[in-house]
$ cat my_file_23.txt   # compact mmCIF, C-alpha atoms and all ligand atoms
# COMPACT_ATOMS: atom_id res chain seq x y z
CA MET A 1186 105.00 -135.12 -26.70
CA LEU A 1187 105.52 -131.59 -25.56
CA LEU A 1188 105.23 -130.33 -29.08
CA LEU A 1189 101.94 -132.12 -29.75
CA SER A 1190 100.13 -130.27 -26.96
CA PRO A 1191 96.94 -128.68 -28.33
CA LEU A 1192 97.43 -125.64 -26.07
CA PRO A 1193 100.28 -123.18 -26.42
CA ILE A 1194 102.95 -123.60 -23.76
CA ASN A 1195 102.97 -120.70 -21.32
CA LEU A 1196 106.61 -119.88 -20.51
CA LEU A 1197 105.77 -117.81 -17.46
CA ALA A 1198 103.88 -120.76 -15.98
CA LEU A 1199 106.99 -122.96 -16.05
CA ASP A 1200 109.50 -122.94 -13.22
CA PHE A 1201 113.24 -123.20 -13.87
CA PRO A 1202 113.32 -127.03 -14.03
CA GLY A 1203 110.28 -126.83 -16.35
CA VAL A 1204 112.02 -124.48 -18.77
CA THR A 1205 115.19 -126.58 -18.60
CA ALA A 1206 113.21 -129.71 -19.47
CA PHE A 1207 111.48 -127.78 -22.26
CA VAL A 1208 114.71 -126.67 -23.94
CA SER A 1209 116.24 -130.12 -23.63
CA LYS A 1210 113.17 -131.65 -25.31
CA LEU A 1211 113.82 -129.28 -28.18
CA GLY A 1212 117.38 -130.57 -28.29
CA TRP A 1213 118.76 -127.14 -27.34
CA PRO A 1214 121.69 -126.58 -24.96
CA LYS A 1215 120.81 -126.07 -21.29
CA TYR A 1216 122.02 -122.47 -21.14
CA ARG A 1217 119.08 -121.55 -23.37
CA ALA A 1218 116.79 -121.96 -20.34
CA ARG A 1219 118.50 -119.07 -18.56
CA GLN A 1220 118.60 -117.04 -21.74
CA ILE A 1221 114.85 -117.43 -22.27
CA LEU A 1222 113.99 -116.71 -18.64
CA ARG A 1223 116.08 -113.53 -18.62
CA TRP A 1224 113.95 -112.25 -21.47
CA VAL A 1225 110.76 -113.15 -19.65
CA TYR A 1226 111.62 -111.81 -16.17
CA GLN A 1227 114.38 -109.26 -16.59
CA SER A 1228 113.40 -107.72 -19.95
CA ARG A 1229 109.66 -108.33 -19.44
CA ILE A 1230 109.06 -109.02 -23.11
CA ARG A 1231 105.61 -109.96 -24.38
CA ASP A 1232 106.57 -111.32 -27.79
CA ILE A 1233 108.88 -114.25 -28.64
CA HIS A 1234 110.35 -112.20 -31.51
CA GLN A 1235 111.94 -109.85 -28.96
CA MET A 1236 114.34 -112.68 -27.95
CA THR A 1237 116.94 -111.31 -30.30
CA ASP A 1238 119.76 -113.60 -29.19
CA LEU A 1239 117.84 -116.55 -30.60
CA ALA A 1240 118.11 -117.21 -34.35
CA LEU A 1241 115.11 -115.97 -36.34
CA GLN A 1242 114.31 -119.54 -37.31
CA ASP A 1243 114.24 -120.64 -33.64
CA ARG A 1244 112.03 -117.72 -32.70
CA GLU A 1245 109.59 -118.57 -35.46
CA TYR A 1246 109.53 -122.16 -34.34
CA LEU A 1247 108.85 -121.17 -30.72
CA GLN A 1248 106.23 -118.67 -31.80
CA SER A 1249 104.24 -121.51 -33.37
CA PHE A 1250 103.47 -123.23 -30.04
CA VAL A 1251 104.73 -121.08 -27.16
CA THR A 1252 103.44 -117.91 -25.48
CA ILE A 1253 105.16 -115.66 -22.97
CA GLY A 1254 102.01 -115.69 -20.85
CA ARG A 1255 101.75 -111.92 -20.52
CA GLY A 1256 98.61 -111.42 -22.55
CA SER A 1257 96.37 -109.79 -19.98
CA LYS A 1258 96.09 -106.04 -19.66
CA PRO A 1259 95.35 -104.64 -16.19
CA ARG A 1260 92.84 -102.02 -15.29
CA VAL A 1261 94.70 -99.30 -13.37
CA LEU A 1262 93.08 -97.13 -10.70
CA GLN A 1263 94.99 -94.03 -9.70
CA SER A 1264 94.61 -92.58 -6.22
CA GLY A 1265 94.93 -88.87 -5.45
CA ASP A 1266 97.95 -89.72 -3.24
CA GLY A 1267 99.92 -91.40 -6.06
CA THR A 1268 99.01 -94.98 -5.11
CA ARG A 1269 97.98 -97.18 -8.02
CA LYS A 1270 95.85 -100.29 -7.88
CA PHE A 1271 96.15 -102.89 -10.64
CA LEU A 1272 93.27 -105.22 -11.40
CA LEU A 1273 94.73 -108.08 -13.35
CA PRO A 1274 92.42 -110.46 -15.21
CA LEU A 1275 93.14 -114.17 -14.84
CA GLU A 1276 92.71 -116.81 -17.52
CA ASP A 1277 89.70 -118.34 -15.76
CA GLY A 1278 87.82 -115.06 -15.51
CA GLY A 1279 88.88 -114.11 -11.96
CA THR A 1280 90.67 -110.91 -11.00
CA ILE A 1281 93.56 -110.20 -8.69
CA GLU A 1282 94.55 -106.91 -7.19
CA SER A 1283 97.92 -105.46 -6.35
CA VAL A 1284 98.79 -102.02 -5.04
CA LEU A 1285 101.82 -99.89 -5.88
CA ILE A 1286 102.69 -97.34 -3.21
CA PRO A 1287 105.38 -94.77 -3.96
CA GLU A 1288 106.75 -92.87 -0.99
CA GLY A 1289 109.79 -90.68 -1.52
CA ARG A 1290 112.48 -92.92 -2.93
CA ARG A 1291 110.70 -96.07 -1.80
CA VAL A 1292 108.24 -97.91 -3.99
CA THR A 1293 106.35 -100.73 -2.31
CA LEU A 1294 104.24 -103.28 -4.13
CA CYS A 1295 101.59 -105.20 -2.21
CA VAL A 1296 100.78 -108.46 -3.99
CA SER A 1297 97.96 -111.00 -3.66
CA THR A 1298 98.42 -114.73 -3.17
CA GLN A 1299 94.85 -116.02 -3.45
CA VAL A 1300 91.65 -115.01 -5.21
CA GLY A 1301 89.64 -114.20 -2.11
CA CYS A 1302 90.67 -115.81 1.17
CA THR A 1303 89.88 -118.88 3.27
CA LEU A 1304 89.87 -116.79 6.41
CA ASP A 1305 87.17 -114.39 7.51
CA CYS A 1306 88.78 -111.55 9.41
CA THR A 1307 85.86 -109.28 10.17
CA PHE A 1308 87.65 -106.04 9.28
CA CYS A 1309 88.74 -107.16 5.80
CA LEU A 1310 86.88 -106.86 2.52
CA THR A 1311 88.75 -109.79 0.94
CA GLY A 1312 87.54 -112.06 3.73
CA GLN A 1313 83.95 -111.43 2.69
CA MET A 1314 84.58 -112.96 -0.75
CA GLY A 1315 85.44 -116.42 0.52
CA LEU A 1316 88.19 -118.34 -1.24
CA LYS A 1317 87.86 -118.71 -5.00
CA ARG A 1318 91.25 -120.30 -5.56
CA ASN A 1319 94.96 -120.18 -4.83
CA LEU A 1320 97.13 -118.21 -7.21
CA ARG A 1321 99.87 -120.03 -9.11
CA ALA A 1322 103.45 -118.84 -8.72
CA HIS A 1323 103.47 -117.18 -12.14
CA GLU A 1324 100.27 -115.27 -11.33
CA ILE A 1325 101.98 -113.89 -8.23
CA VAL A 1326 105.10 -112.92 -10.20
CA GLU A 1327 103.04 -111.40 -12.99
CA GLN A 1328 101.72 -108.81 -10.54
CA VAL A 1329 105.31 -107.66 -10.04
CA LEU A 1330 106.07 -107.60 -13.78
CA THR A 1331 102.89 -105.63 -14.43
CA ALA A 1332 103.65 -103.02 -11.78
CA GLN A 1333 107.21 -102.67 -13.06
CA ASP A 1334 105.83 -102.11 -16.58
CA HIS A 1335 104.00 -99.07 -15.23
CA LEU A 1336 107.05 -97.45 -13.66
CA SER A 1337 109.37 -95.11 -15.53
CA PRO A 1338 112.45 -96.79 -17.06
CA SER A 1339 114.59 -95.62 -14.12
CA GLY A 1340 111.98 -96.48 -11.47
CA HIS A 1341 111.98 -99.78 -9.65
CA ILE A 1342 110.11 -101.52 -6.88
CA THR A 1343 112.12 -101.35 -3.65
CA SER A 1344 109.95 -103.56 -1.39
CA LEU A 1345 107.53 -106.36 -1.96
CA VAL A 1346 104.91 -107.22 0.61
CA PHE A 1347 102.71 -110.29 0.44
CA MET A 1348 99.83 -108.52 2.13
CA GLY A 1349 97.25 -108.30 -0.63
CA MET A 1350 94.31 -110.64 -1.10
CA GLY A 1351 94.66 -114.01 0.61
CA GLU A 1352 96.65 -115.78 3.30
CA PRO A 1353 100.15 -116.49 1.90
CA LEU A 1354 100.82 -119.41 4.26
CA ALA A 1355 97.70 -121.18 2.97
CA ASN A 1356 99.37 -121.22 -0.46
CA LEU A 1357 102.97 -121.61 0.63
CA ASP A 1358 104.23 -123.90 -2.14
CA GLU A 1359 103.27 -121.42 -4.86
CA VAL A 1360 104.41 -118.46 -2.76
CA SER A 1361 107.82 -120.14 -2.26
CA ASP A 1362 108.13 -120.83 -5.98
CA ALA A 1363 107.26 -117.18 -6.71
CA ILE A 1364 109.87 -116.00 -4.19
CA HIS A 1365 112.54 -118.14 -5.89
CA ARG A 1366 111.74 -116.47 -9.20
CA LEU A 1367 111.67 -113.02 -7.61
CA THR A 1368 115.01 -113.44 -5.83
CA ASN A 1369 117.03 -115.36 -8.44
CA THR A 1370 119.80 -113.06 -9.60
CA GLN A 1371 120.90 -115.01 -12.70
CA TRP A 1372 117.64 -115.07 -14.62
CA GLY A 1373 114.97 -113.88 -12.16
CA LEU A 1374 114.06 -110.49 -10.79
CA GLY A 1375 116.97 -110.26 -8.37
CA PHE A 1376 115.09 -108.94 -5.31
CA SER A 1377 116.97 -109.24 -2.04
CA PRO A 1378 114.92 -111.47 0.32
CA ARG A 1379 115.39 -108.73 2.92
CA ARG A 1380 113.17 -106.53 0.77
CA ILE A 1381 110.34 -109.05 0.79
CA THR A 1382 107.81 -109.50 3.61
CA ILE A 1383 105.25 -112.25 3.96
CA SER A 1384 102.33 -111.41 6.19
CA THR A 1385 100.22 -114.07 7.87
CA ALA A 1386 96.98 -113.86 9.81
CA GLY A 1387 98.45 -116.51 12.09
CA LEU A 1388 98.75 -119.99 10.57
CA ALA A 1389 100.99 -120.93 13.48
CA THR A 1390 102.01 -124.41 12.35
CA ARG A 1391 103.35 -123.12 9.03
CA LEU A 1392 105.23 -120.12 10.41
CA HIS A 1393 108.55 -121.92 10.71
CA GLU A 1394 108.38 -123.15 7.10
CA THR A 1395 108.97 -119.59 5.93
CA ALA A 1396 112.32 -119.30 7.73
CA GLY A 1397 114.29 -120.97 4.91
CA LEU A 1398 113.09 -118.37 2.40
CA GLY A 1399 115.13 -115.64 4.10
CA VAL A 1400 112.31 -113.12 3.80
CA ASN A 1401 110.76 -111.03 6.58
CA LEU A 1402 107.75 -112.31 8.43
CA ALA A 1403 104.85 -110.18 9.64
CA ILE A 1404 102.04 -111.44 11.86
CA SER A 1405 98.68 -109.75 11.74
CA LEU A 1406 97.75 -109.85 15.43
CA ASN A 1407 94.98 -107.29 15.99
CA ALA A 1408 93.91 -108.48 19.42
CA THR A 1409 95.24 -108.79 22.94
CA THR A 1410 93.07 -111.58 24.34
CA ASN A 1411 92.06 -114.90 22.88
CA GLU A 1412 88.41 -113.99 23.23
CA GLN A 1413 88.90 -110.71 21.35
CA ARG A 1414 90.89 -112.39 18.59
CA GLY A 1415 88.19 -115.04 18.32
CA ARG A 1416 85.67 -112.28 17.63
CA LEU A 1417 87.80 -110.30 15.19
CA MET A 1418 89.52 -113.17 13.36
CA PRO A 1419 87.24 -116.13 14.08
CA ARG A 1420 88.47 -118.75 11.65
CA VAL A 1421 92.20 -118.41 12.12
CA ASN A 1422 91.84 -118.13 15.88
CA GLN A 1423 89.79 -121.30 15.97
CA LEU A 1424 92.55 -123.09 14.05
CA HIS A 1425 95.38 -121.57 16.09
CA PRO A 1426 94.35 -119.75 19.25
CA LEU A 1427 96.36 -116.73 20.36
CA PRO A 1428 98.61 -118.59 22.87
CA GLU A 1429 99.61 -121.13 20.19
CA LEU A 1430 100.40 -118.34 17.72
CA LEU A 1431 102.55 -116.47 20.24
CA ASP A 1432 104.42 -119.69 21.08
CA ALA A 1433 105.21 -120.16 17.38
CA CYS A 1434 106.46 -116.56 17.25
CA ARG A 1435 108.65 -117.02 20.30
CA THR A 1436 110.32 -120.08 18.78
CA TYR A 1437 110.63 -118.68 15.25
CA PRO A 1438 114.27 -119.05 14.15
CA LEU A 1439 115.16 -115.40 13.56
CA SER A 1440 118.56 -114.88 12.04
CA ARG A 1441 120.98 -112.27 13.38
CA GLY A 1442 119.78 -108.72 13.08
CA ARG A 1443 116.28 -109.73 11.99
CA ARG A 1444 113.04 -109.27 13.85
CA LEU A 1445 109.39 -110.14 13.43
CA THR A 1446 106.80 -107.51 12.60
CA PHE A 1447 103.47 -107.50 14.38
CA GLU A 1448 100.67 -105.70 12.63
CA TYR A 1449 97.81 -104.37 14.64
CA VAL A 1450 94.74 -102.94 12.93
CA LEU A 1451 93.26 -100.38 15.31
CA LEU A 1452 89.48 -100.58 15.35
CA GLY A 1453 87.74 -97.67 17.09
CA GLY A 1454 86.27 -98.78 20.43
CA GLU A 1455 87.18 -102.44 19.83
CA ASN A 1456 90.87 -103.02 20.43
CA ASP A 1457 92.32 -99.53 20.84
CA SER A 1458 92.07 -98.90 24.58
CA ALA A 1459 94.94 -98.18 26.96
CA THR A 1460 94.29 -101.61 28.51
CA ASP A 1461 94.78 -103.20 25.08
CA ALA A 1462 98.05 -101.35 24.57
CA LYS A 1463 99.36 -102.51 27.95
CA ARG A 1464 98.21 -106.10 27.32
CA LEU A 1465 99.87 -106.05 23.89
CA ALA A 1466 103.15 -104.92 25.43
CA LYS A 1467 102.93 -107.81 27.90
CA LEU A 1468 102.11 -110.38 25.19
CA LEU A 1469 105.06 -109.39 23.00
CA LYS A 1470 107.59 -108.99 25.81
CA GLY A 1471 110.78 -110.86 24.96
CA ILE A 1472 110.02 -111.28 21.24
CA ARG A 1473 112.47 -109.49 18.92
CA CYS A 1474 109.98 -107.42 16.98
CA LYS A 1475 108.61 -104.13 15.81
CA ILE A 1476 104.96 -103.17 15.77
CA ASN A 1477 103.03 -101.55 12.93
CA LEU A 1478 99.79 -99.89 13.92
CA ILE A 1479 97.25 -99.65 11.12
CA PRO A 1480 94.30 -97.33 11.78
CA PHE A 1481 91.32 -99.13 10.26
CA ASN A 1482 90.42 -98.20 6.68
CA GLU A 1483 86.66 -98.03 6.51
CA PHE A 1484 84.71 -99.54 3.63
CA PRO A 1485 81.00 -99.65 2.80
CA GLY A 1486 78.97 -102.22 4.69
CA ASN A 1487 81.52 -102.78 7.45
CA PRO A 1488 80.54 -101.77 11.00
CA PHE A 1489 84.02 -100.93 12.31
CA ARG A 1490 85.24 -97.38 12.46
CA ARG A 1491 88.61 -95.70 12.28
CA PRO A 1492 89.84 -94.50 15.67
CA ASP A 1493 90.60 -90.83 16.29
CA GLU A 1494 94.16 -89.82 15.66
CA ALA A 1495 94.68 -88.95 19.33
CA VAL A 1496 93.77 -92.51 20.31
CA VAL A 1497 96.25 -93.91 17.78
CA ILE A 1498 99.02 -91.67 19.10
CA GLN A 1499 98.24 -92.63 22.69
CA PHE A 1500 98.31 -96.34 21.78
CA GLN A 1501 101.70 -95.84 20.17
CA SER A 1502 103.17 -93.97 23.11
CA LEU A 1503 101.98 -96.57 25.62
CA LEU A 1504 103.79 -99.26 23.63
CA ARG A 1505 106.86 -97.07 23.30
CA GLN A 1506 106.94 -96.72 27.07
CA SER A 1507 107.56 -100.47 27.07
CA HIS A 1508 110.50 -99.93 24.69
CA PHE A 1509 108.95 -101.29 21.50
CA ASP A 1510 109.66 -99.79 18.08
CA VAL A 1511 106.18 -98.77 17.00
CA PHE A 1512 105.20 -97.25 13.67
CA ILE A 1513 101.88 -95.90 12.50
CA ARG A 1514 101.15 -97.05 8.96
CA LYS A 1515 100.01 -94.20 6.74
CA SER A 1516 96.83 -95.10 4.92
CA ARG A 1517 97.38 -94.94 1.20
CA GLY A 1518 94.98 -95.35 -1.69
CA ARG A 1519 91.79 -95.25 0.40
CA ASP A 1520 89.92 -93.42 -2.39
CA ILE A 1521 90.44 -96.39 -4.75
CA LEU A 1522 89.85 -99.08 -2.10
CA GLY A 1523 93.55 -99.80 -2.29
CA ALA A 1524 94.44 -99.47 1.38
CA CYS A 1525 95.08 -102.28 3.82
CA GLY A 1526 92.01 -104.52 4.23
CA GLN A 1527 90.17 -102.88 1.33
CA LEU A 1528 91.08 -105.27 -1.49
CA GLY A 1529 88.09 -107.07 -2.86
CA ASP A 1530 86.25 -108.08 -5.94
CA LEU A 1531 86.13 -104.89 -8.02
CA PRO A 1532 84.85 -105.39 -11.56
CA LEU A 1533 87.39 -105.00 -14.37
S1 LIG B 1601 93.06 -109.97 6.62
FE1 LIG B 1601 94.23 -111.33 5.26
S2 LIG B 1601 93.86 -113.36 6.14
FE2 LIG B 1601 92.27 -112.05 6.99
S3 LIG B 1601 90.52 -112.27 5.59
FE3 LIG B 1601 91.73 -110.52 4.87
S4 LIG B 1601 93.09 -111.35 3.32
FE4 LIG B 1601 92.32 -113.08 4.52

$ encode --input "my_file_23.txt" --output "structure tokens"
Amino acid sequence: MLLLSPLPINLLALDFPGVTAFVSKLGWPKYRARQILRWVYQSRIRDIHQMTDLALQDREYLQSFVTIGRGSKPRVLQSGDGTRKFLLPLEDGGTIESVLIPEGRRVTLCVSTQVGCTLDCTFCLTGQMGLKRNLRAHEIVEQVLTAQDHLSPSGHITSLVFMGMGEPLANLDEVSDAIHRLTNTQWGLGFSPRRITISTAGLATRLHETAGLGVNLAISLNATTNEQRGRLMPRVNQLHPLPELLDACRTYPLSRGRRLTFEYVLLGGENDSATDAKRLAKLLKGIRCKINLIPFNEFPGNPFRRPDEAVVIQFQSLLRQSHFDVFIRKSRGRDILGACGQLGDLPL
């Protein structure tokens, strides 16, 4: 049945049970599944003939109806600060964006989980696109493979953040599948879950479902009153108002030594006052967390402005007075619309 399919079988699109079923339908031993997946994920091959531990005859047979699924070539935009943005074409004509940010010995990749987004955060370019569709697990993983292809042979990605286009918790099944492939050490990419962060705009009822993945969780908060959050992040706040979100954070099952991250985009004159800083400290009191402040990255057509640096520093020190660990996120890749909140629908 499998072999009569009119379309080539895309190996990358199959999960581990899928590849296992595939090899058993061919009458091959089970260990072949791992062998094949190692080539796909760990060696990042693009051609079946590179699977040199398979007999030539088997490779030729596979070649006749199977693809690796790595056919698409990205467009790469290079920022003056070393950040690179990859625009990866999808089979159905859409595009996804991921951003590679080198900083000293650290290399962070920001990946997308949806084409567009269901939510409509007013400070985000992706939100203006609406949702086109959810990404499949292999389309999420392919962003990582693509970025790795563009690093030097000794270079590797040290952190993965699910903070690109889309709301990861609105596509949690595919995100979880992708994380299994990214963290599997036998045949997958072998990332430690501690090096992976999922960021949510606040889908409170799904927060706890991420706990079993062992990854870090970041919550994009951006407001200190329910009314303010309703203005800045209308859709998600209508679904899960601020008090409900904070309750879900307070009861999140953090394991030993772990903490939540709260992200706070600072919008000049909107949510960056001393009163906001004090309210934020009060809201987060008692939650094991750190806070990342993100000075807004302006983009054409958006009314918000980036606050002055002095305001950002003052906001940070007010929070520090309440004993929070507070970091100011450096803006990277702004010249290629690759910074936080700037991912959108650039043409290929
Ligand atoms: S900030 Fe995140 S959740 Fe909000 S619209 Fe943008 S991509 Fe969607």

$ residues_around --input "my_file_23.txt" --residues "Lys1515 (chain A)" --least-positions-apart "5" --cutoff "10 Å" --atoms "only C-alpha atoms" --output "ChimeraX atom specification"
/A:1478-1480,1524-1525

$ closest_atom_pairs --input "my_file_23.txt" --of "chain A" --to "ligand LIG 1601 (chain B)" --cutoff "6 Å" --atoms "only C-alpha atoms and all ligand atoms" --output "CSV"
residue,atom,partner,partner_atom,distance
A:Cys1302,CA,B:LIG1601,FE4,4.6
A:Leu1304,CA,B:LIG1601,S3,4.6
A:Asp1305,CA,B:LIG1601,S3,4.4
A:Cys1306,CA,B:LIG1601,S3,4.3
A:Cys1309,CA,B:LIG1601,FE3,4.6
A:Thr1311,CA,B:LIG1601,FE3,5.0
A:Gly1312,CA,B:LIG1601,S3,3.5
A:Met1350,CA,B:LIG1601,S4,4.6
A:Gly1351,CA,B:LIG1601,S4,4.1
A:Glu1352,CA,B:LIG1601,S2,4.7
A:Ala1386,CA,B:LIG1601,S2,4.8

$ closest_atom_pairs --input "my_file_23.txt" --of "region 1229-1283 of chain A" --to "region 1318-1342 of chain A" --cutoff "9 Å" --atoms "all atoms listed in the file" --output "JSON lines"
{"residue": "A:Arg1229", "atom": "CA", "partner": "A:Leu1330", "partner_atom": "CA", "distance": 6.7}
{"residue": "A:Gly1254", "atom": "CA", "partner": "A:His1323", "partner_atom": "CA", "distance": 9.0}
{"residue": "A:Arg1255", "atom": "CA", "partner": "A:Glu1327", "partner_atom": "CA", "distance": 7.7}
{"residue": "A:Lys1258", "atom": "CA", "partner": "A:Thr1331", "partner_atom": "CA", "distance": 8.6}
{"residue": "A:Pro1259", "atom": "CA", "partner": "A:Thr1331", "partner_atom": "CA", "distance": 7.8}
{"residue": "A:Arg1269", "atom": "CA", "partner": "A:Ala1332", "partner_atom": "CA", "distance": 9.0}
{"residue": "A:Phe1271", "atom": "CA", "partner": "A:Ala1332", "partner_atom": "CA", "distance": 7.6}
{"residue": "A:Leu1273", "atom": "CA", "partner": "A:Gln1328", "partner_atom": "CA", "distance": 7.6}
{"residue": "A:Leu1275", "atom": "CA", "partner": "A:Glu1324", "partner_atom": "CA", "distance": 8.0}
{"residue": "A:Ile1281", "atom": "CA", "partner": "A:Gln1328", "partner_atom": "CA", "distance": 8.5}
{"residue": "A:Glu1282", "atom": "CA", "partner": "A:Gln1328", "partner_atom": "CA", "distance": 8.1}
{"residue": "A:Ser1283", "atom": "CA", "partner": "A:Gln1328", "partner_atom": "CA", "distance": 6.6}

$ closest_residue --input "my_file_23.txt" --among "A:Gly1526, A:Pro1428, A:Pro1419, A:Gly1375" --to "Asn1482 (chain A)" --atoms "all atoms listed in the file"
A:Gly1526

$ atom_distance --input "my_file_23.txt" --atom1 "CA of Ser1502 (chain A)" --atom2 "CA of Cys1295 (chain A)"
27.7 Å

$ residues_around --input "my_file_23.txt" --residues "Ile1233 (chain A)" --least-positions-apart "2" --cutoff "10 Å" --atoms "only C-alpha atoms" --output "count of residues only"
19

$ closest_residue --input "my_file_23.txt" --among "A:Gly1315, A:Gly1523, A:Gly1267, A:Pro1378" --to "Thr1343 (chain A)" --atoms "all atoms listed in the file"
A:Pro1378

$ atom_distance --input "my_file_23.txt" --atom1 "CA of His1365 (chain A)" --atom2 "CA of Gly1399 (chain A)"
10.6 Å

$ closest_residue --input "my_file_23.txt" --among "A:Leu1374, A:Ser1507, A:Phe1308, A:Gln1313" --to "Arg1491 (chain A)" --atoms "only C-alpha atoms"
A:Phe1308

$ atom_distance --input "my_file_23.txt" --atom1 "CA of Glu1288 (chain A)" --atom2 "CA of Glu1483 (chain A)"
22.1 Å

$ residues_around --input "my_file_23.txt" --residues "Ala1355 (chain A)" --least-positions-apart "6" --cutoff "12 Å" --atoms "all atoms listed in the file" --output "MDAnalysis selection string"
chainID A and resid 1298:1304 1316 1318:1320 1361 1383:1392 1394:1395 1421

$ closest_residue --input "my_file_23.txt" --among "A:Ser1405, A:Asn1356, A:Thr1382, A:Ser1377" --to "Leu1451 (chain A)" --atoms "only C-alpha atoms"
A:Ser1405

$ closest_residue --input "my_file_23.txt" --among "A:Asn1487, A:Ser1228, A:Ser1209, A:Gln1499" --to "Leu1310 (chain A)" --atoms "only C-alpha atoms"
A:Asn1487

$ residues_around --input "my_file_23.txt" --residues "Phe1512 (chain A)" --least-positions-apart "5" --cutoff "8 Å" --atoms "all atoms listed in the file" --output "count of residues only"
5

$ decode --input "my_file_23.txt" --residues "region 1375-1391 of chain A" --atoms "N, CA and C atoms" --output "mmCIF file, in the first residue's frame"
data_model
loop_
_atom_site.group_PDB
_atom_site.id
_atom_site.type_symbol
_atom_site.label_atom_id
_atom_site.label_comp_id
_atom_site.auth_asym_id
_atom_site.auth_seq_id
_atom_site.Cartn_x
_atom_site.Cartn_y
_atom_site.Cartn_z
ATOM 1 N N GLY A 1375 19.541 15.858 19.640
ATOM 2 C CA GLY A 1375 20.274 15.772 20.910
ATOM 3 C C GLY A 1375 20.339 17.056 21.727
ATOM 4 N N PHE A 1376 19.408 17.993 21.511
ATOM 5 C CA PHE A 1376 19.403 19.218 22.332
ATOM 6 C C PHE A 1376 18.957 18.882 23.752
ATOM 7 N N SER A 1377 19.604 19.484 24.735
ATOM 8 C CA SER A 1377 19.102 19.350 26.098
ATOM 9 C C SER A 1377 17.818 20.178 26.201
ATOM 10 N N PRO A 1378 16.764 19.639 26.838
ATOM 11 C CA PRO A 1378 15.534 20.438 26.988
ATOM 12 C C PRO A 1378 15.785 21.754 27.728
ATOM 13 N N ARG A 1379 16.821 21.764 28.553
ATOM 14 C CA ARG A 1379 17.145 22.998 29.292
ATOM 15 C C ARG A 1379 17.595 24.119 28.376
ATOM 16 N N ARG A 1380 17.978 23.755 27.158
ATOM 17 C CA ARG A 1380 18.436 24.756 26.184
ATOM 18 C C ARG A 1380 17.304 25.207 25.257
ATOM 19 N N ILE A 1381 16.100 24.735 25.573
ATOM 20 C CA ILE A 1381 14.955 25.077 24.713
ATOM 21 C C ILE A 1381 13.947 25.883 25.543
ATOM 22 N N THR A 1382 13.430 26.946 24.954
ATOM 23 C CA THR A 1382 12.413 27.766 25.633
ATOM 24 C C THR A 1382 11.200 27.943 24.722
ATOM 25 N N ILE A 1383 10.043 27.652 25.301
ATOM 26 C CA ILE A 1383 8.791 27.939 24.588
ATOM 27 C C ILE A 1383 8.232 29.227 25.169
ATOM 28 N N SER A 1384 7.819 30.116 24.288
ATOM 29 C CA SER A 1384 7.260 31.382 24.768
ATOM 30 C C SER A 1384 5.784 31.469 24.391
ATOM 31 N N THR A 1385 4.960 31.800 25.359
ATOM 32 C CA THR A 1385 3.528 31.928 25.070
ATOM 33 C C THR A 1385 3.041 33.346 25.370
ATOM 34 N N ALA A 1386 2.041 33.755 24.585
ATOM 35 C CA ALA A 1386 1.420 35.061 24.846
ATOM 36 C C ALA A 1386 0.429 34.947 26.002
ATOM 37 N N GLY A 1387 0.182 33.708 26.457
ATOM 38 C CA GLY A 1387 -0.655 33.584 27.662
ATOM 39 C C GLY A 1387 -1.854 32.654 27.511
ATOM 40 N N LEU A 1388 -1.701 31.544 26.800
ATOM 41 C CA LEU A 1388 -2.804 30.583 26.713
ATOM 42 C C LEU A 1388 -2.823 29.787 28.025
ATOM 43 N N ALA A 1389 -3.429 30.400 29.020
ATOM 44 C CA ALA A 1389 -3.309 29.935 30.407
ATOM 45 C C ALA A 1389 -3.688 28.471 30.596
ATOM 46 N N THR A 1390 -4.740 28.014 29.913
ATOM 47 C CA THR A 1390 -5.207 26.646 30.176
ATOM 48 C C THR A 1390 -4.271 25.593 29.594
ATOM 49 N N ARG A 1391 -3.367 25.985 28.734
ATOM 50 C CA ARG A 1391 -2.450 25.005 28.136
ATOM 51 C C ARG A 1391 -1.048 25.048 28.758
#
